[in-house]
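Chemist: Enclosed is the structure file entry27.cif (mmCIF, C-alpha atoms).
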data_run
#
loop_
_atom_site.label_atom_id
_atom_site.label_comp_id
_atom_site.auth_asym_id
_atom_site.auth_seq_id
_atom_site.Cartn_x
_atom_site.Cartn_y
_atom_site.Cartn_z
CA MET F 1 9.12 -22.60 10.15
CA THR F 2 9.96 -25.96 8.79
CA PHE F 3 10.76 -26.15 5.08
CA VAL F 4 9.54 -29.38 3.43
CA PRO F 5 11.66 -29.89 0.30
CA THR F 6 10.69 -32.13 -2.56
CA LEU F 7 13.02 -34.64 -4.20
CA LYS F 8 14.16 -31.97 -6.65
CA THR F 9 15.16 -29.71 -3.76
CA TRP F 10 17.05 -32.50 -2.03
CA LEU F 11 19.27 -32.80 -5.09
CA LEU F 12 20.52 -29.36 -4.08
CA VAL F 13 20.31 -29.81 -0.32
CA VAL F 14 21.97 -33.17 0.30
CA PRO F 15 25.52 -32.06 -0.66
CA ALA F 16 25.13 -29.06 1.64
CA LEU F 17 23.92 -31.17 4.54
CA ALA F 18 26.82 -33.56 4.00
CA LEU F 19 29.16 -30.63 4.44
CA LEU F 20 27.40 -29.61 7.63
CA GLY F 21 27.82 -33.18 8.84
CA VAL F 22 31.58 -32.87 8.41
CA VAL F 23 31.47 -29.69 10.47
CA GLY F 24 29.54 -31.55 13.18
CA TYR F 25 32.26 -34.19 13.23
CA ARG F 26 34.96 -31.55 13.63
CA ALA F 27 33.00 -30.12 16.55
CA GLY F 28 33.23 -33.40 18.42
CA GLY F 29 29.96 -34.90 17.24
CA ARG F 30 27.80 -31.85 17.85
CA ALA F 31 25.28 -32.06 15.04
CA LEU F 32 24.23 -28.77 13.51
CA PRO F 33 20.43 -28.51 13.82
CA ALA F 34 18.35 -27.51 10.81
CA ASN F 35 16.39 -24.28 11.11
CA ASP F 36 12.82 -24.32 12.31
CA HIS F 37 11.23 -20.85 12.18
CA ALA F 38 11.36 -17.98 10.12
CA THR F 39 11.10 -15.70 10.03
CA GLY F 40 14.19 -17.29 10.31
CA MET F 41 14.12 -19.40 13.50
CA VAL F 42 16.17 -22.15 15.17
CA SER F 43 13.83 -23.12 17.95
CA GLY F 44 15.46 -26.51 18.51
CA ALA F 45 18.77 -25.18 19.81
CA PRO F 46 19.44 -26.28 23.40
CA ALA F 47 19.52 -23.66 26.12
CA GLU F 48 22.55 -25.20 27.85
CA VAL F 49 25.70 -26.14 25.95
CA THR F 50 29.13 -27.35 27.05
CA LEU F 51 31.71 -25.09 25.41
CA GLU F 52 35.27 -25.72 24.35
CA THR F 53 36.05 -21.99 24.48
CA PRO F 54 36.55 -20.68 28.03
CA LEU F 55 33.45 -18.78 29.09
CA ARG F 56 35.43 -16.08 30.87
CA ALA F 57 37.21 -15.14 27.67
CA GLN F 58 33.91 -14.89 25.82
CA GLN F 59 32.41 -12.72 28.53
CA LEU F 60 35.43 -10.41 28.53
CA ALA F 61 35.22 -10.02 24.76
CA ARG F 62 31.55 -9.25 25.08
CA GLN F 63 32.19 -6.56 27.72
CA LEU F 64 34.78 -4.90 25.49
CA LEU F 65 32.39 -5.03 22.54
CA ALA F 66 29.59 -3.49 24.60
CA THR F 67 31.93 -0.67 25.68
CA GLU F 68 32.75 0.14 22.07
CA ARG F 69 29.08 0.27 21.17
CA THR F 70 27.99 2.53 24.03
CA GLY F 71 28.41 5.78 22.15
CA SER F 72 27.26 4.53 18.76
CA VAL F 73 24.01 2.65 19.36
CA PRO F 74 20.90 4.83 19.12
CA SER F 75 18.59 4.54 22.10
CA GLY F 76 15.35 4.33 20.18
CA LEU F 77 13.76 2.09 17.57
CA PRO F 78 12.25 2.94 14.16
CA LEU F 79 8.51 3.38 13.92
CA ASP F 80 8.42 0.03 12.11
CA ILE F 81 10.49 -2.00 14.53
CA ARG F 82 10.43 -4.98 12.18
CA ALA F 83 12.54 -3.13 9.64
CA ASP F 84 15.84 -3.49 11.49
CA MET F 85 15.61 -7.27 11.37
CA GLU F 86 16.79 -7.02 7.78
CA GLY F 87 19.86 -5.37 6.29
CA ASP F 88 23.16 -5.34 8.17
CA THR F 89 21.79 -4.41 11.58
CA ASP F 90 23.84 -5.26 14.65
CA LEU F 91 21.33 -7.73 16.09
CA PHE F 92 22.91 -7.84 19.54
CA ALA F 93 22.42 -4.08 19.95
CA TYR F 94 19.01 -4.30 18.26
CA ALA F 95 17.90 -6.95 20.77
CA GLN F 96 18.98 -4.72 23.64
CA ARG F 97 16.83 -1.88 22.31
CA LEU F 98 13.94 -4.27 21.76
CA GLN F 99 14.21 -5.56 25.31
CA GLN F 100 13.89 -2.04 26.66
CA GLN F 101 10.73 -1.52 24.64
CA ALA F 102 9.39 -4.94 25.61
CA ALA F 103 9.91 -4.16 29.29
CA ALA F 104 7.81 -1.04 28.74
CA GLY F 105 4.93 -3.17 27.40
CA ASN F 106 5.59 -3.16 23.64
CA THR F 107 4.35 -6.59 22.51
CA GLU F 108 5.69 -6.13 18.98
CA ALA F 109 9.16 -5.59 20.43
CA ARG F 110 8.86 -8.81 22.44
CA TRP F 111 7.91 -10.74 19.29
CA MET F 112 10.89 -9.31 17.44
CA VAL F 113 13.20 -10.23 20.33
CA SER F 114 12.12 -13.84 19.81
CA ARG F 115 12.92 -13.57 16.11
CA VAL F 116 16.41 -12.25 16.82
CA TYR F 117 17.04 -15.01 19.35
CA ASP F 118 15.82 -17.61 16.87
CA TYR F 119 18.05 -16.32 14.08
CA CYS F 120 21.16 -16.07 16.29
CA ALA F 121 20.66 -19.21 18.39
CA LEU F 122 22.98 -21.54 16.49
CA TYR F 123 25.77 -18.96 16.46
CA ALA F 124 25.30 -18.14 20.15
CA MET F 125 25.68 -21.80 21.19
CA ASP F 126 29.43 -21.51 20.53
CA PRO F 127 30.64 -18.38 18.68
CA GLY F 128 34.24 -19.59 18.51
CA GLY F 129 33.25 -23.01 17.21
CA TYR F 130 30.91 -21.41 14.69
CA GLN F 131 33.78 -19.42 13.21
CA LEU F 132 36.03 -22.50 13.14
CA ASP F 133 33.30 -24.38 11.29
CA ASN F 134 33.16 -21.59 8.72
CA THR F 135 36.93 -21.81 8.23
CA LEU F 136 36.71 -25.57 7.79
CA LEU F 137 33.91 -25.32 5.24
CA ALA F 138 35.76 -22.63 3.28
CA SER F 139 38.96 -24.69 3.24
CA MET F 140 37.20 -27.56 1.45
CA GLY F 141 37.13 -25.57 -1.76
CA MET F 142 33.82 -27.12 -2.85
CA ASN F 143 31.33 -25.10 -4.87
CA SER F 144 28.42 -26.37 -2.77
CA ALA F 145 30.10 -25.07 0.40
CA ALA F 146 30.52 -21.49 -0.81
CA PRO F 147 26.90 -20.28 -0.33
CA ILE F 148 26.72 -21.90 3.11
CA VAL F 149 29.93 -20.19 4.21
CA GLN F 150 28.71 -16.85 2.91
CA ALA F 151 25.36 -17.20 4.68
CA ARG F 152 26.97 -18.33 7.95
CA GLU F 153 29.45 -15.47 7.85
CA ARG F 154 26.57 -13.04 7.59
CA VAL F 155 24.94 -14.62 10.64
CA ALA F 156 28.22 -14.30 12.55
CA ARG F 157 28.60 -10.63 11.60
CA ARG F 158 25.06 -9.76 12.61
CA CYS F 159 24.92 -11.83 15.81
CA GLY F 160 28.31 -10.92 17.22
CA GLY F 161 28.01 -10.21 20.94
CA PHE F 162 25.75 -13.12 21.85
CA VAL F 163 27.36 -15.93 23.86
CA ALA F 164 26.26 -19.34 25.11
CA SER F 165 25.39 -18.03 28.57
CA ASP F 166 22.59 -15.98 26.98
CA GLY F 167 20.72 -19.26 26.53
CA LEU F 168 19.28 -18.48 23.11
CA GLY F 169 17.48 -21.81 22.85
CA ARG F 170 13.95 -23.11 22.49
CA LYS F 171 12.97 -22.45 26.10
CA LEU F 172 13.87 -18.75 25.99
CA ILE F 173 12.34 -18.24 22.56
CA LEU F 174 9.05 -19.86 23.60
CA THR F 175 8.99 -17.76 26.76
CA GLN F 176 9.33 -14.55 24.74
CA ARG F 177 6.63 -15.65 22.32
CA LEU F 178 4.27 -16.72 25.07
CA GLN F 179 4.56 -13.35 26.77
CA ALA F 180 4.01 -11.54 23.47
CA ALA F 181 1.05 -13.73 22.53
CA GLN F 182 -0.61 -13.35 25.91
CA SER F 183 -0.33 -9.59 25.44
CA GLY F 184 -2.08 -9.76 22.07
CA ASN F 185 0.63 -10.16 19.42
CA LEU F 186 -0.89 -12.23 16.62
CA ALA F 187 2.37 -13.33 14.98
CA ALA F 188 3.64 -14.66 18.31
CA GLU F 189 0.34 -16.47 18.83
CA ALA F 190 0.66 -18.06 15.39
CA ALA F 191 4.26 -19.06 16.08
CA LEU F 192 3.23 -20.81 19.28
CA MET F 193 0.70 -22.88 17.36
CA ALA F 194 3.41 -23.76 14.81
CA ASP F 195 5.67 -24.77 17.72
CA GLY F 196 2.99 -27.12 19.01
CA GLN F 197 2.32 -24.85 22.01
CA PRO F 198 -0.97 -23.05 21.19
CA LEU F 199 -2.47 -20.77 23.82
CA GLN F 200 -5.49 -23.09 23.87
CA PRO F 201 -5.58 -26.76 22.76
CA THR F 202 -9.13 -26.77 21.37
CA SER F 203 -10.16 -27.19 17.75
CA GLU F 204 -12.29 -24.07 17.99
CA TYR F 205 -9.29 -22.02 19.05
CA LYS F 206 -7.10 -23.33 16.22
CA ARG F 207 -9.73 -22.53 13.61
CA ASP F 208 -10.34 -19.09 15.07
CA LEU F 209 -6.62 -18.32 15.11
CA VAL F 210 -6.21 -19.22 11.44
CA GLU F 211 -9.20 -17.07 10.56
CA ARG F 212 -7.76 -14.15 12.53
CA VAL F 213 -4.42 -14.49 10.76
CA LEU F 214 -6.18 -14.46 7.39
CA ASP F 215 -8.20 -11.40 8.39
CA SER F 216 -5.08 -9.59 9.60
CA ARG F 217 -3.16 -9.84 6.31
CA ASP F 218 -0.07 -9.59 8.52
CA PRO F 219 2.85 -11.18 6.64
CA GLU F 220 4.71 -12.04 9.85
CA ALA F 221 1.66 -13.89 11.17
CA TYR F 222 1.26 -15.76 7.85
CA MET F 223 4.92 -16.82 7.91
CA ALA F 224 4.81 -17.77 11.58
CA LEU F 225 1.73 -19.94 11.09
CA SER F 226 2.93 -21.72 7.94
CA PRO F 227 4.50 -24.84 9.56
CA ALA F 228 1.22 -25.58 11.33
CA MET F 229 -0.61 -25.54 8.00
CA GLY F 230 1.57 -28.08 6.20
CA GLN F 231 1.61 -31.87 6.45
CA ARG F 232 1.15 -31.60 10.19
CA ALA F 233 -2.41 -30.38 9.56
CA ALA F 234 -3.37 -33.40 7.42
CA GLY F 235 -6.65 -34.86 8.62
CA ASP F 236 -7.26 -32.09 11.17
CA ALA F 237 -11.03 -31.50 11.12
CA ALA F 238 -10.55 -28.05 12.64
CA LEU F 239 -8.77 -26.88 9.49
CA GLN F 240 -11.05 -28.41 6.85
CA GLY F 241 -11.81 -26.06 3.98
CA LEU F 242 -8.69 -24.00 4.63
CA VAL F 243 -5.34 -24.09 2.81
CA ALA F 244 -3.83 -26.82 4.96
CA GLY F 245 -2.69 -30.42 5.06
CA ASP F 246 0.29 -30.87 2.71
CA GLN F 247 3.66 -29.39 1.77
CA PHE F 248 2.03 -27.24 -0.91
CA SER F 249 -0.08 -25.61 1.79
CA GLU F 250 2.88 -24.73 3.96
CA LEU F 251 4.76 -23.23 1.05
CA ALA F 252 1.63 -21.37 -0.06
CA TRP F 253 1.39 -19.66 3.33
CA ARG F 254 5.04 -18.67 3.07
CA LEU F 255 4.64 -17.34 -0.46
CA ALA F 256 1.51 -15.44 0.57
CA ALA F 257 3.53 -13.81 3.35
CA CYS F 258 6.03 -12.67 0.73
CA GLU F 259 3.22 -11.28 -1.43
CA LEU F 260 1.87 -9.37 1.56
CA GLY F 261 5.17 -7.64 2.20
CA MET F 262 7.45 -10.00 4.13
CA ALA F 263 11.11 -9.51 3.26
CA CYS F 264 11.84 -12.48 0.98
CA GLY F 265 14.60 -11.18 -1.27
CA PRO F 266 17.98 -12.80 -1.97
CA ASP F 267 19.55 -11.06 1.04
CA SER F 268 16.58 -11.48 3.38
CA VAL F 269 16.73 -13.13 6.79
CA LEU F 270 14.43 -15.80 5.38
CA MET F 271 16.83 -16.88 2.61
CA ASN F 272 19.91 -16.36 4.79
CA ASN F 273 18.47 -18.52 7.57
CA PHE F 274 17.49 -21.43 5.34
CA CYS F 275 21.01 -21.53 3.94
CA ALA F 276 23.07 -20.78 7.07
CA ASN F 277 21.12 -22.82 9.58
CA GLY F 278 19.50 -25.46 7.39
CA GLY F 279 21.89 -25.97 4.49
CA ILE F 280 19.06 -25.20 2.04
CA CYS F 281 20.71 -22.78 -0.36
CA SER F 282 19.79 -21.46 -3.76
CA GLN F 283 22.43 -22.11 -6.39
CA ASP F 284 21.57 -18.69 -7.82
CA GLY F 285 22.61 -15.95 -5.39
CA GLY F 286 20.17 -13.52 -6.98
CA GLN F 287 17.03 -15.62 -6.34
CA ASP F 288 14.35 -14.44 -3.97
CA PHE F 289 12.31 -16.94 -1.95
CA SER F 290 9.42 -17.13 -4.42
CA SER F 291 11.72 -17.83 -7.36
CA PHE F 292 13.58 -20.43 -5.33
CA VAL F 293 10.38 -22.26 -4.39
CA TYR F 294 9.11 -22.43 -7.96
CA ASP F 295 12.54 -23.41 -9.24
CA ALA F 296 13.56 -26.00 -6.63
CA ALA F 297 10.56 -27.13 -4.59
CA VAL F 298 7.58 -27.20 -6.94
CA SER F 299 7.25 -29.23 -10.12
CA ARG F 300 5.94 -27.62 -13.30
CA GLN F 301 2.70 -29.50 -12.85
CA GLY F 302 2.39 -28.19 -9.30
CA ALA F 303 3.11 -24.54 -10.08
CA SER F 304 -0.44 -23.70 -11.13
CA LYS F 305 -1.82 -25.37 -8.00
CA MET F 306 0.60 -23.42 -5.83
CA LYS F 307 -0.33 -20.11 -7.42
CA ALA F 308 -4.02 -20.86 -6.92
CA LEU F 309 -3.46 -21.59 -3.22
CA VAL F 310 -1.50 -18.36 -2.74
CA GLU F 311 -4.20 -16.39 -4.51
CA GLU F 312 -6.83 -17.94 -2.24
CA LEU F 313 -4.89 -16.98 0.87
CA ILE F 314 -4.43 -13.40 -0.27
CA LYS F 315 -7.70 -12.60 -2.02
CA ARG F 316 -10.44 -14.62 -0.40
CA ARG F 317 -10.56 -12.17 2.50
CA ASN F 318 -11.44 -9.27 0.23
CA GLY F 319 -14.89 -10.65 -0.32
CA ARG F 320 -15.76 -11.04 3.35
#
I'd like the structure from this file rewritten - as structure tokens, please.
Modeler:
Amino acid sequence: MTFVPTLKTWLLVVPALALLGVVGYRAGGRALPANDHATGMVSGAPAEVTLETPLRAQQLARQLLATERTGSVPSGLPLDIRADMEGDTDLFAYAQRLQQQAAAGNTEARWMVSRVYDYCALYAMDPGGYQLDNTLLASMGMNSAAPIVQARERVARRCGGFVASDGLGRKLILTQRLQAAQSGNLAAEAALMADGQPLQPTSEYKRDLVERVLDSRDPEAYMALSPAMGQRAAGDAALQGLVAGDQFSELAWRLAACELGMACGPDSVLMNNFCANGGICSQDGGQDFSSFVYDAAVSRQGASKMKALVEELIKRRNGR
């Protein structure tokens, strides 16, 4: 889910991105891609990467890690399988449990697998290089590097176990979402549209999908759809009369998702992903996503407009 910062936000973001550029240089010119989806999602990561770390060593470490986990990982999932995406869950083990449920036909589990893959993709490209990058950033001793290092370390802790051979890139993520969407998962269907890969290319389908998302009041579907409703939707006749067409619209969909129950707190995957994978970090570690948007991405003059758009997204369905 692409974040479209304003000039005020870039005053905070540019130093962070400069630091990430230094890390890319240390890694031999491998640029660190900014995050795409969100629910926290890096859909642009390549599926095949040339590694400096010997693959055999990574695979051996992974086998040892899996052996340690065998007796400690519960076999089932919570009734709300979205819940474990947050907190300090071991996402490698969580993905394994999700995959079992997905193979049994659970479309929600397949959607959540795609979210885990998206969140962990940058780390999985090169776990050893990721940790070296963290060490390099921390050694700079710059205040602007500290929140990025903290966010990246959390990603590394939660995604430990994934390796490059897992192929956690755009192709695999889209495959998971396509299978979930074709089985009826609305959030996955919305994410495909945001990725530019809708199930159907027609204007009628796009309009119908947006209406179904609004009717659902599903925060994951709102968040997944948000990039498709931003500047990319400008001039799209299929979306006329809806909250769409500029950066305010995209942010409004995200904020509405938070209002509807999406985890958007200071320690949420959403905030962690923007900072770790995109270099977009709040300078106040206690800020939730809503506070960050109104503080760093929306002018005072635009705040009332933003609140009106969010209210429209949340409340207009009550009268239908």
Chemist: Can you tell me how far CA of Gln197 (chain F) sits from CA of Tyr222 (chain F), in Å to one decimal?
Modeler: 16.9 Å
Chemist: I want to know what sits within 8 Å of region 302-313 of chain F, based on all atoms listed in the file, with residues of the same chain fewer than 3 positions away left out; could you give that as JSON, numbers by chain?
Modeler: {"F": [214, 243, 248, 249, 252, 253, 255, 256, 294, 298, 299, 316, 317]}
Chemist: Identify all residues satisfying the PyMOL selection byres ((chain F and resi 233) around 12) in the given file; provide them as a PyMOL selection string.
Modeler: chain F and resi 193-194+196+203+206-207+210+225-232+234-250
Chemist: Figure out the distance between CA of Cys258 (chain F) and CA of Pro219 (chain F), please, to one decimal in Å.
Modeler: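 Those two atoms sit 6.9 Å apart.
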Chemist: Would you work out the distance separating CA of Asp195 (chain F) from CA of Ser183 (chain F), expressed in Å to one decimal?
Modeler: 18.1 Å
Chemist: Using all atoms listed in the file, determine which residues lie at most 9 Å from region 101-108 of chain F, disregarding the query and same-chain residues fewer than 5 positions distant; provide the list as an MDAnalysis selection string.
Modeler: chainID F and resid 76:77 81:82 96 113 179:181 183:185 187:188
Chemist: Enumerate, as a list in words, the residues matched when the PyMOL selection byres ((chain F and resi 127-134) around 7) is run on the file above.
Modeler: Val23, Thr53, Tyr123, Ala124, Met125, Asp126, Thr135, Leu136, Leu137, Ala138, Val149 and Val163 of chain F
Chemist: Using all atoms listed in the file, determine which residues lie at most 10 Å from Cys281 (chain F), disregarding the query and same-chain residues fewer than 2 positions distant; provide the list as JSON, numbers by chain.
Modeler: {"F": [9, 12, 13, 16, 144, 145, 146, 147, 148, 151, 271, 272, 273, 274, 275, 276, 277, 278, 279, 283, 284, 285, 292]}
Chemist: Taking the point (18.6, -19.4, 23.7) as given in the file, collect each protein or nucleic acid residue that comes within 6 Å of it, counting all atoms listed in the file, and present the set as a ChimeraX atom specification.
Modeler: /F:47,121,167-169,172
Chemist: Determine the nearest neighbour of Glu189 (chain F) from the options F:Ala221, F:Asp208, F:Arg158, F:Pro201, counting only C-alpha atoms.
Modeler: F:Ala221
Chemist: Because the input lacks atoms here, generate all heavy atoms for region 305-316 of chain F and report them as a PDB file, keeping the file's coordinate frame.
Modeler:
ATOM      1  N   LYS F 305      -1.126 -25.106  -9.255  1.00  0.00           N
ATOM      2  CA  LYS F 305      -1.820 -25.370  -8.000  1.00  0.00           C
ATOM      3  C   LYS F 305      -1.305 -24.445  -6.905  1.00  0.00           C
ATOM      4  O   LYS F 305      -2.089 -23.881  -6.121  1.00  0.00           O
ATOM      5  CB  LYS F 305      -1.616 -26.828  -7.582  1.00  0.00           C
ATOM      6  CG  LYS F 305      -2.208 -27.165  -6.214  1.00  0.00           C
ATOM      7  CD  LYS F 305      -1.911 -28.605  -5.809  1.00  0.00           C
ATOM      8  CE  LYS F 305      -2.441 -28.897  -4.400  1.00  0.00           C
ATOM      9  NZ  LYS F 305      -2.151 -30.287  -3.969  1.00  0.00           N
ATOM     10  N   MET F 306       0.015 -24.283  -6.844  1.00  0.00           N
ATOM     11  CA  MET F 306       0.600 -23.420  -5.830  1.00  0.00           C
ATOM     12  C   MET F 306       0.113 -21.988  -5.980  1.00  0.00           C
ATOM     13  O   MET F 306      -0.263 -21.325  -5.002  1.00  0.00           O
ATOM     14  CB  MET F 306       2.119 -23.470  -5.919  1.00  0.00           C
ATOM     15  CG  MET F 306       2.828 -22.585  -4.908  1.00  0.00           C
ATOM     16  SD  MET F 306       2.585 -23.150  -3.211  1.00  0.00           S
ATOM     17  CE  MET F 306       3.573 -24.639  -3.232  1.00  0.00           C
ATOM     18  N   LYS F 307       0.107 -21.487  -7.194  1.00  0.00           N
ATOM     19  CA  LYS F 307      -0.330 -20.110  -7.420  1.00  0.00           C
ATOM     20  C   LYS F 307      -1.791 -19.923  -7.048  1.00  0.00           C
ATOM     21  O   LYS F 307      -2.185 -18.882  -6.508  1.00  0.00           O
ATOM     22  CB  LYS F 307      -0.098 -19.729  -8.890  1.00  0.00           C
ATOM     23  CG  LYS F 307       1.382 -19.605  -9.244  1.00  0.00           C
ATOM     24  CD  LYS F 307       1.594 -19.332 -10.721  1.00  0.00           C
ATOM     25  CE  LYS F 307       3.079 -19.231 -11.039  1.00  0.00           C
ATOM     26  NZ  LYS F 307       3.343 -19.028 -12.488  1.00  0.00           N
ATOM     27  N   ALA F 308      -2.612 -20.942  -7.294  1.00  0.00           N
ATOM     28  CA  ALA F 308      -4.020 -20.860  -6.920  1.00  0.00           C
ATOM     29  C   ALA F 308      -4.190 -20.815  -5.401  1.00  0.00           C
ATOM     30  O   ALA F 308      -5.042 -20.067  -4.885  1.00  0.00           O
ATOM     31  CB  ALA F 308      -4.788 -22.049  -7.501  1.00  0.00           C
ATOM     32  N   LEU F 309      -3.390 -21.596  -4.680  1.00  0.00           N
ATOM     33  CA  LEU F 309      -3.460 -21.590  -3.220  1.00  0.00           C
ATOM     34  C   LEU F 309      -3.035 -20.233  -2.656  1.00  0.00           C
ATOM     35  O   LEU F 309      -3.670 -19.702  -1.740  1.00  0.00           O
ATOM     36  CB  LEU F 309      -2.582 -22.691  -2.637  1.00  0.00           C
ATOM     37  CG  LEU F 309      -3.017 -24.133  -2.888  1.00  0.00           C
ATOM     38  CD1 LEU F 309      -1.977 -25.096  -2.349  1.00  0.00           C
ATOM     39  CD2 LEU F 309      -4.374 -24.410  -2.246  1.00  0.00           C
ATOM     40  N   VAL F 310      -1.969 -19.671  -3.203  1.00  0.00           N
ATOM     41  CA  VAL F 310      -1.500 -18.360  -2.740  1.00  0.00           C
ATOM     42  C   VAL F 310      -2.558 -17.305  -3.004  1.00  0.00           C
ATOM     43  O   VAL F 310      -2.842 -16.455  -2.141  1.00  0.00           O
ATOM     44  CB  VAL F 310      -0.176 -17.992  -3.436  1.00  0.00           C
ATOM     45  CG1 VAL F 310       0.229 -16.563  -3.088  1.00  0.00           C
ATOM     46  CG2 VAL F 310       0.930 -18.965  -3.046  1.00  0.00           C
ATOM     47  N   GLU F 311      -3.156 -17.363  -4.180  1.00  0.00           N
ATOM     48  CA  GLU F 311      -4.200 -16.390  -4.510  1.00  0.00           C
ATOM     49  C   GLU F 311      -5.379 -16.512  -3.552  1.00  0.00           C
ATOM     50  O   GLU F 311      -5.954 -15.508  -3.115  1.00  0.00           O
ATOM     51  CB  GLU F 311      -4.673 -16.603  -5.948  1.00  0.00           C
ATOM     52  CG  GLU F 311      -5.693 -15.578  -6.415  1.00  0.00           C
ATOM     53  CD  GLU F 311      -6.051 -15.744  -7.880  1.00  0.00           C
ATOM     54  OE1 GLU F 311      -5.465 -16.617  -8.544  1.00  0.00           O
ATOM     55  OE2 GLU F 311      -6.924 -15.000  -8.362  1.00  0.00           O
ATOM     56  N   GLU F 312      -5.726 -17.747  -3.190  1.00  0.00           N
ATOM     57  CA  GLU F 312      -6.830 -17.940  -2.240  1.00  0.00           C
ATOM     58  C   GLU F 312      -6.504 -17.329  -0.885  1.00  0.00           C
ATOM     59  O   GLU F 312      -7.353 -16.678  -0.260  1.00  0.00           O
ATOM     60  CB  GLU F 312      -7.105 -19.438  -2.066  1.00  0.00           C
ATOM     61  CG  GLU F 312      -8.220 -19.746  -1.067  1.00  0.00           C
ATOM     62  CD  GLU F 312      -8.490 -21.214  -0.884  1.00  0.00           C
ATOM     63  OE1 GLU F 312      -7.973 -22.021  -1.694  1.00  0.00           O
ATOM     64  OE2 GLU F 312      -9.188 -21.575   0.074  1.00  0.00           O
ATOM     65  N   LEU F 313      -5.287 -17.516  -0.437  1.00  0.00           N
ATOM     66  CA  LEU F 313      -4.890 -16.980   0.870  1.00  0.00           C
ATOM     67  C   LEU F 313      -4.896 -15.461   0.897  1.00  0.00           C
ATOM     68  O   LEU F 313      -5.213 -14.834   1.908  1.00  0.00           O
ATOM     69  CB  LEU F 313      -3.491 -17.482   1.240  1.00  0.00           C
ATOM     70  CG  LEU F 313      -3.390 -18.952   1.629  1.00  0.00           C
ATOM     71  CD1 LEU F 313      -1.925 -19.359   1.753  1.00  0.00           C
ATOM     72  CD2 LEU F 313      -4.112 -19.201   2.941  1.00  0.00           C
ATOM     73  N   ILE F 314      -4.544 -14.847  -0.219  1.00  0.00           N
ATOM     74  CA  ILE F 314      -4.430 -13.400  -0.270  1.00  0.00           C
ATOM     75  C   ILE F 314      -5.754 -12.722  -0.569  1.00  0.00           C
ATOM     76  O   ILE F 314      -6.116 -11.706   0.025  1.00  0.00           O
ATOM     77  CB  ILE F 314      -3.370 -12.969  -1.318  1.00  0.00           C
ATOM     78  CG1 ILE F 314      -1.994 -13.436  -0.850  1.00  0.00           C
ATOM     79  CG2 ILE F 314      -3.386 -11.475  -1.533  1.00  0.00           C
ATOM     80  CD1 ILE F 314      -0.908 -13.167  -1.863  1.00  0.00           C
ATOM     81  N   LYS F 315      -6.540 -13.298  -1.503  1.00  0.00           N
ATOM     82  CA  LYS F 315      -7.700 -12.600  -2.020  1.00  0.00           C
ATOM     83  C   LYS F 315      -9.032 -13.010  -1.440  1.00  0.00           C
ATOM     84  O   LYS F 315     -10.005 -12.266  -1.527  1.00  0.00           O
ATOM     85  CB  LYS F 315      -7.753 -12.753  -3.541  1.00  0.00           C
ATOM     86  CG  LYS F 315      -6.558 -12.119  -4.245  1.00  0.00           C
ATOM     87  CD  LYS F 315      -6.683 -12.219  -5.753  1.00  0.00           C
ATOM     88  CE  LYS F 315      -5.517 -11.504  -6.436  1.00  0.00           C
ATOM     89  NZ  LYS F 315      -5.599 -11.584  -7.908  1.00  0.00           N
ATOM     90  N   ARG F 316      -9.118 -14.168  -0.833  1.00  0.00           N
ATOM     91  CA  ARG F 316     -10.440 -14.620  -0.400  1.00  0.00           C
ATOM     92  C   ARG F 316     -10.996 -13.736   0.695  1.00  0.00           C
ATOM     93  O   ARG F 316     -12.192 -13.639   0.867  1.00  0.00           O
ATOM     94  CB  ARG F 316     -10.376 -16.057   0.072  1.00  0.00           C
ATOM     95  CG  ARG F 316      -9.966 -16.306   1.500  1.00  0.00           C
ATOM     96  CD  ARG F 316      -9.943 -17.791   1.781  1.00  0.00           C
ATOM     97  NE  ARG F 316      -9.802 -18.093   3.180  1.00  0.00           N
ATOM     98  CZ  ARG F 316     -10.825 -18.313   3.997  1.00  0.00           C
ATOM     99  NH1 ARG F 316     -12.060 -18.216   3.523  1.00  0.00           N
ATOM    100  NH2 ARG F 316     -10.635 -18.602   5.263  1.00  0.00           N
TER     101      ARG F 316
END
